[in-house]
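Trainee: This is the structure I have questions about; it appears just below.
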There are 2 protein chains.
Amino acid sequence: MEKRTRSNARTGRRKSAAKEFRQLPFSQLRNPYQPFNIISDDEVESLHNKSLDVLEQIGMNFLLDESREILKKAGADVDETSTRVRFDRGLIEQAIAKAPSHFKVHARNPAHDLEYGGNAMAFVMVGSPPNASDMVGGRRPGNFEDYCNLLRLGQSLNIAHQFGGYPVEPMDIETPIRHLVAEQALIKLSDKVGFGYSLNRQRILDSIEMVRIGRGISEDTLLSEPSIFTVVNANSPLVYDRPMLTGIIEMARRNQPIIITPFTLSGAMAPVTVAGAIVQQNAEALAGIAFAQIVNPGAPVFYGGFTSNVDMRTGAPAFGTPEYAKAVVIGGQMARRYAIPYRSSNVNASNAPDAQAAYESQMSIWPCMLAHCNVVKHALGWLEGGLTASFEKVIIDAEMLQMMAEFMKPVTINDAEMAMDAMAEVGPGGHYFGCAHTLERYETAFYSPILSDWSNFENWQDRGSKDATLRAHEIYKRLLDEYQEPPMDPAIAEELDAFVDRRIAEGGAVATD
Amino acid sequence: MEKRTRSNARTGRRKSAAKEFRQLPFSQLRNPYQPFNIISDDEVESLHNKSLDVLEQIGMNFLLDESREILKKAGADVDETSTRVRFDRGLIEQAIAKAPSHFKVHARNPAHDLEYGGNAMAFVMVGSPPNASDMVGGRRPGNFEDYCNLLRLGQSLNIAHQFGGYPVEPMDIETPIRHLVAEQALIKLSDKVGFGYSLNRQRILDSIEMVRIGRGISEDTLLSEPSIFTVVNANSPLVYDRPMLTGIIEMARRNQPIIITPFTLSGAMAPVTVAGAIVQQNAEALAGIAFAQIVNPGAPVFYGGFTSNVDMRTGAPAFGTPEYAKAVVIGGQMARRYAIPYRSSNVNASNAPDAQAAYESQMSIWPCMLAHCNVVKHALGWLEGGLTASFEKVIIDAEMLQMMAEFMKPVTINDAEMAMDAMAEVGPGGHYFGCAHTLERYETAFYSPILSDWSNFENWQDRGSKDATLRAHEIYKRLLDEYQEPPMDPAIAEELDAFVDRRIAEGGAVATD
């Protein structure tokens with residue numbers, strides 16, 4: 001952030017020389033098509049009923065004492081000698097019915113506010129990898145510089161609608177103060193919808209407070225204007241741990257959106273069948289959603305799905321597999337059954353931003369669209385099963401997501417678009433390059449790519465035979481070069497910095513719970 | 001073919017040492033899901049009606065005299081002073097109603113017979129590129145050695161269901177005899193469903209005769225057992241040229257399947273709008289299909305769609321774009337409107353078998369599945385907008401197509417698969433690696449990739465940090481090494497060789513029509 005002035009000056013010089021970077025405008029995506037189903041409504045009911053059987057008969061372990069007290073009061077069957085909680089199916093059904101089907105989340109810049117539910121769709125930057133990589137610097141442990149650069153890319157790319165976790169873990173910032181420094185950078189370097197980790201009570205409360213300061217609103221306004229996301233993962237199988245439950249409690253009480261996502265790797269932490277893994281995913285998701293609604297009826301939540309499978313020969317997790325694709329689509333069917341916004345992810349297990357990374361990602365992006373996924377996490381930059389944030393993959397993903405956004409623009413069918421006059425004008429054997437119908441439309445008729453190279457082989461060779469990964473490298477470098485920090489009221493910046501300074505002086509997150 | 005003995009001996013030695021190449025078995029694919037629609041039934045009718053208006057009011061040029069005589073006799077409005085033919089909508093509707101909705105095509109090996117129509121799906125090797133390329137040899141003009149090697153790959157890969165055109169043009173074989181030498185190699189090196197080009201009357205009749213000899217059947221049996229494909233492209237806009245019309249006549253008369261495909265590049269040979277390009281595609285396809293049905297009512301035909309767009313800044317054709325994806329889906333809706341099997345393609349415009357090639361291909365493969373495409377042409381190996389057959393891309397495509405085949409296997413939902421007993425056995429916080437439910441299923445539970453590398457970064461690095469393209473190179477080399485020529489009755493081989501020798505002695509294809 002210190003470099004802002006210099007960076008802007010440099011950008012100014014470049015802008016006059018270089019072509020403008022052309023991308024789709026920021027917009028709230030809407031999926032105009034019918035959701036795609038791969039199981040019948042009866043089968044959805046079977047999965048639903050079986051997962052309620054699981055919650056009634058097996059139950060889940062809720063590790064936080066406070067959560068079990070809340071659940072006991074609500075009528076759940078809480079085992080006094082362990083952490084096990086069993087749920088009557090009526091209790092679950094009544095609680096989840098209170099979850100809203102639609103809500104809005106506010107960004108620091110109102111132009112970046114987003115809606116969730118129904119056919120709305122948003123793409124989220126990669127969250128939480130411990131490593132970053134690019135072609136020149138190679139793979140390295142997450143650090144604050146890469147963290148900030150990934151924030152800048154997410155701010156610059158319009159198809160990145162929001163953040164969801166640190167785009168790389170800034171491991172060079174010591175743990176007790178990391179959430180403060182990282183959230184401060186997130187709020188300053190981007191004006192899009194942000195995120196806080198549910199890692200203990202102090203951390204999530206600090207994050208909520210910082211986002212409130214960043215938006216310049218009161219605590220009351222924050223209650224009515226959700227402004228920060230968190231993700232709560234079940235510790236599959238069938239466990240919610242203490243930080244996660246604390247996160248649900250604090251976020252739900254403040255009406256901030258919680259993405260509740262079991263991480264059900266089929267064959268490891270979930271049954272080896274897709275049906276079994278989905279039953280477990282559904283049981284865990286419903287229990288978490290019900291808990292949030294018991295804490296605060298009407299709190300905004302997402303039904304999260306993250307069912308993939310492992311390589312049964314090695315135990316290695318796999319992503320963007322056919323089983324993953326099926327689970328994404330079925331997850332959407334379950335979420336629609338409950339009329340709760342749906343979260344899935346754009347994933348792959350490749351070690352390089354190569355053809356495998358691209359095709360496994362497409363095995364995620366298409367099912368997400370078909371399933372009417374509302375929030376696609378890890379949509380830009382995820383590599384290596386989530387162990388690395390790849391700068392080149394951010395650009396490859398941006399291109400793939402823009403293409404999907406464009407696919408979701410409905411085809412207009414009317415006399416002018418059907419162009420019979422143009423056909424009569426051009427006639428058999430002619431061409432359409434110069435006809436009036438073309439001249440009126442050619443500038444905006446087709447999607448214009450940011451990464452794909454459609455030039456002929458000779459021209460491509462003359463320019464250095466650069467493959468998509470190398471071109472993605474050059475594009476991300478250029479975007480960082482041209483990045484402009486979004487404006488912030490100096491009084492807000494001062495308040496935010498003062499809060500961070502004070503909390504760092506206090507030692508940051510020192511409590512263990 | 002001379003190398004057969006040596007090659008088999010080498011393969012024999014290798015087989016004992018190397019691991020078996022694991023791939024999905026050859027099988028007739030069935031799409032179990034509902035077709036996906038992006039326009040309404042009313043909009044389908046609008047496109048249908050507008051394309052009939054085009055055929056009534058503008059018409060098409062049929063360049064072959066014989067075709068116009070046939071059409072005149074059938075009641076079409078044939079202009080005596082030009083090649084223009086206009087069609088009453090009733091004539092079109094009556095003719096296309098005679099096209100069969102389902103048929104079977106016979107391969108030299110009955111295990112490789114294929115069905116078409118309804119929810120059947122087949123993947124076709126790339127057809128007709130003038131160049132071949134691999135990472136080591138680079139890009140070179142098509143030649144007979146690469147041609148044969150691509151045939152061998154198509155034979156070896158089970159997910160390649162059939163051939164559709166020379167997988168690369170063997171330009172080192174002189175033109176008059178090329179179809180004889182190439183067809184001979186195709187029939188010997190593969191026992192899958194093959195192809196003949198409609199380039200003039202002699203060539204297509206030679207190809208039909210060779211396939212008949214290869215299958216060892218009579219001319220009567222050939223009439224009732226379709227055994228060879230051809231593709232007929234409209235010369236868009238609104239022209240059918242002489243070789244193509246000759247192809248329709250000769251193939252339809254012999255009851256052999258014709259894929260009738262307008263090549264409607266939006267902005268160049270078709271209107272700049274998707275709706276306009278589809279109207280033109282539909283008009284051209286219906287006219288060709290109607291002509292085939294007038295020649296021989298009930299002849300097996302495909303409704304072919306190949307609507308993509310050009311880059312309006314350069315005129316370069318683009319493939320696997322959002323517009324392409326929409327056109328593929330709408331093409332499926334049109335084909336189902338007529339209950340005629342549907343052909344589309346797996347395409348991309350990348351100059352290298354890289355991430356762009358992969359994601360543009362996925363922007364084709366997913367729409368093909370959603371559109372219930374019955375024949376996916378260029379499914380393996382197409383690169384550079386069809387100007388190059390890439391050996392590595394064959395393998396990348398095989399992986400992507402296998403994944404799609406696996407996605408099309410329905411999820412089973414019953415008590416055993418929902419695995420509640422396993423969940424009770426494992427319990428909260430456990431894992432499923434050793435439980436009975438897993439042990440019973442783990443060997444076949446999940447799709448096992450041929451190309452994707454799911455190993456962790458360190459292992460991947462230790463093995464040379466090979467990206468997907470480099471691994472694809474190694475796999476294609478190995479498949480060629482392990483290739484085994486399918487058996488052929490020596491009497492049939494002798495008859496086939498004698499036919500080719502005689503036709504070569506006659507000078508090959510010397511007629512111009």
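Lettering and numbering for the structure tokens are positional, with chains as A, B, ... in the shown order, residues counted from 1 in each chain, and ligands counted from 1 in the shown order.
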Compile the contact shell of B:Pro176 as a list of chain:residue names: residues with an atom at most 8 Å away, counting only C-alpha atoms, same-chain residues fewer than 6 positions apart removed.

Mentor: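 Listing them by chain and then by number gives B:Gly507, B:Gly508, B:Ala509, B:Val510.
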
Trainee: Please produce a file of the residues just selected, as a PDB file, in the first residue's frame, where the atoms kept are N, CA, C and O atoms.

Mentor:
```pdb
ATOM      1  N   GLY B 507      -5.664 -46.087 -62.713  1.00  0.00           N
ATOM      2  CA  GLY B 507      -5.393 -44.654 -62.562  1.00  0.00           C
ATOM      3  C   GLY B 507      -6.125 -44.010 -61.406  1.00  0.00           C
ATOM      4  O   GLY B 507      -6.017 -42.811 -61.174  1.00  0.00           O
ATOM      5  N   GLY B 508      -6.880 -44.812 -60.637  1.00  0.00           N
ATOM      6  CA  GLY B 508      -7.585 -44.253 -59.479  1.00  0.00           C
ATOM      7  C   GLY B 508      -8.789 -43.431 -59.904  1.00  0.00           C
ATOM      8  O   GLY B 508      -9.514 -43.809 -60.835  1.00  0.00           O
ATOM      9  N   ALA B 509      -9.000 -42.322 -59.204  1.00  0.00           N
ATOM     10  CA  ALA B 509     -10.159 -41.474 -59.501  1.00  0.00           C
ATOM     11  C   ALA B 509      -9.783 -40.511 -60.616  1.00  0.00           C
ATOM     12  O   ALA B 509      -9.134 -39.502 -60.384  1.00  0.00           O
ATOM     13  N   VAL B 510     -10.188 -40.853 -61.833  1.00  0.00           N
ATOM     14  CA  VAL B 510      -9.826 -40.016 -62.970  1.00  0.00           C
ATOM     15  C   VAL B 510     -11.002 -39.173 -63.455  1.00  0.00           C
ATOM     16  O   VAL B 510     -10.814 -38.125 -64.058  1.00  0.00           O
TER      17      VAL B 510
END
```

Trainee: Any chance you could list, as a PyMOL selection string, the residues in stretch 142-365 of chain A that come up strand (DSSP E or B) when DSSP is run on the backbone?

Mentor: chain A and resi 162+193-195+228-234+239-240+258-262+264-266+270+301-304+307-310+317-318+342-345

Trainee: As a list in words, please: the residues near stretch 345-354 of chain B (cut-off 6 Å, only C-alpha atoms, same-chain neighbours under 3 positions excluded).

Mentor: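 Skipping anything fewer than 3 positions along the chain leaves Ala355, Trp454 and Phe457 of chain A; Ala318, Phe319, Gly320, Ala357, Glu360, Ser361, Ser364, Ile365, Val376, Lys377, His378, Ala379, Glu384, Gly385 and Lys393 of chain B.
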
Trainee: Quick one: DSSP helix (DSSP H, G or I) residues in stretch 2-105 of chain B, as a count of residues only?

Mentor: 50

Trainee: From the options B:Asp421, B:Glu495, B:Glu45, B:Asp88, which residue's atoms come nearest to B:Arg212, counting only C-alpha atoms?

Mentor: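 The closest residue to B:Arg212 is B:Glu495.
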
Trainee: Do a neighbour search on A:Leu180 at 6 Å with only C-alpha atoms, toss out local chain neighbours closer than 3 positions, and write the hits as a PyMOL selection string.

Mentor: chain A and resi 177+183+500

Trainee: Could you write out the selected residues, including C-alpha atoms, as an mmCIF file, in the first residue's frame?

Mentor:
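Produced file part-v6.cif, reproduced below:
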```cif
data_model
loop_
_atom_site.group_PDB
_atom_site.id
_atom_site.type_symbol
_atom_site.label_atom_id
_atom_site.label_comp_id
_atom_site.auth_asym_id
_atom_site.auth_seq_id
_atom_site.Cartn_x
_atom_site.Cartn_y
_atom_site.Cartn_z
ATOM 1 C CA ILE A 177 -1.927 -10.807 14.414
ATOM 2 C CA GLU A 183 -8.153 -8.235 6.892
ATOM 3 C CA VAL A 500 -5.526 -2.737 13.942
#
```

Trainee: Atom CA of B:Ile38 to atom CA of A:Pro449: how many Å, to one decimal?

Mentor: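 So the two atoms, atom CA of B:Ile38 and atom CA of A:Pro449, lie 22.5 Å apart.
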
Trainee: Quick one: residues within 8 Å of A:Ser452, only C-alpha atoms, excluding same-chain residues fewer than 6 positions away - as a list in words?

Mentor: Glu399 and Ala468 of chain A; Ser350 and Gln356 of chain B

Trainee: Let's have the selection written as an mmCIF file, in the first residue's frame, with all heavy atoms.

Mentor:
```cif
data_model
loop_
_atom_site.group_PDB
_atom_site.id
_atom_site.type_symbol
_atom_site.label_atom_id
_atom_site.label_comp_id
_atom_site.auth_asym_id
_atom_site.auth_seq_id
_atom_site.Cartn_x
_atom_site.Cartn_y
_atom_site.Cartn_z
ATOM 1 N N GLU A 399 -10.796 -16.434 -17.674
ATOM 2 C CA GLU A 399 -11.278 -16.655 -19.047
ATOM 3 C C GLU A 399 -12.422 -17.687 -19.053
ATOM 4 O O GLU A 399 -13.458 -17.477 -19.682
ATOM 5 C CB GLU A 399 -10.129 -17.141 -19.925
ATOM 6 C CG GLU A 399 -10.523 -17.409 -21.368
ATOM 7 C CD GLU A 399 -10.643 -16.153 -22.211
ATOM 8 O OE1 GLU A 399 -11.471 -15.299 -21.869
ATOM 9 O OE2 GLU A 399 -9.885 -16.032 -23.205
ATOM 10 N N ALA A 468 -1.023 -21.112 -23.512
ATOM 11 C CA ALA A 468 -1.979 -20.353 -22.696
ATOM 12 C C ALA A 468 -1.400 -20.016 -21.325
ATOM 13 O O ALA A 468 -1.662 -18.936 -20.781
ATOM 14 C CB ALA A 468 -3.283 -21.138 -22.549
ATOM 15 N N SER B 350 -7.023 -23.445 -30.473
ATOM 16 C CA SER B 350 -5.688 -23.248 -29.910
ATOM 17 C C SER B 350 -4.613 -23.743 -30.872
ATOM 18 O O SER B 350 -4.824 -24.687 -31.631
ATOM 19 C CB SER B 350 -5.578 -23.997 -28.584
ATOM 20 O OG SER B 350 -4.334 -23.727 -27.981
ATOM 21 N N GLN B 356 -5.762 -23.781 -23.161
ATOM 22 C CA GLN B 356 -6.809 -23.255 -24.062
ATOM 23 C C GLN B 356 -7.464 -24.376 -24.856
ATOM 24 O O GLN B 356 -8.696 -24.428 -24.971
ATOM 25 C CB GLN B 356 -6.224 -22.209 -25.023
ATOM 26 C CG GLN B 356 -7.281 -21.656 -26.008
ATOM 27 C CD GLN B 356 -6.706 -20.700 -27.051
ATOM 28 O OE1 GLN B 356 -5.636 -20.122 -26.848
ATOM 29 N NE2 GLN B 356 -7.412 -20.530 -28.155
#
```

Trainee: Between A:Met408, A:Ala277, A:Leu439, A:Ala327, which one has atoms that come closest to A:Gln34, using only C-alpha atoms?

Mentor: A:Met408

Trainee: If you count only C-alpha atoms, which residues fall within 8 Å of A:Ala419, apart from same-chain ones fewer than 4 positions away, as JSON, numbers by chain?

Mentor: {"A": [415, 423, 437], "B": [271, 273, 275, 276]}

Trainee: Write out as JSON, numbers by chain which residues come within 9 Å of B:Ala339 when counting only C-alpha atoms, dropping same-chain ones fewer than 6 positions away.

Mentor: {"B": [97, 99, 100, 101, 102, 117, 118]}

Trainee: If you measure from atom CA of B:Ala122 to atom CA of B:Gln28, what distance in Å do you get, rounded to one decimal?

Mentor: 7.2 Å
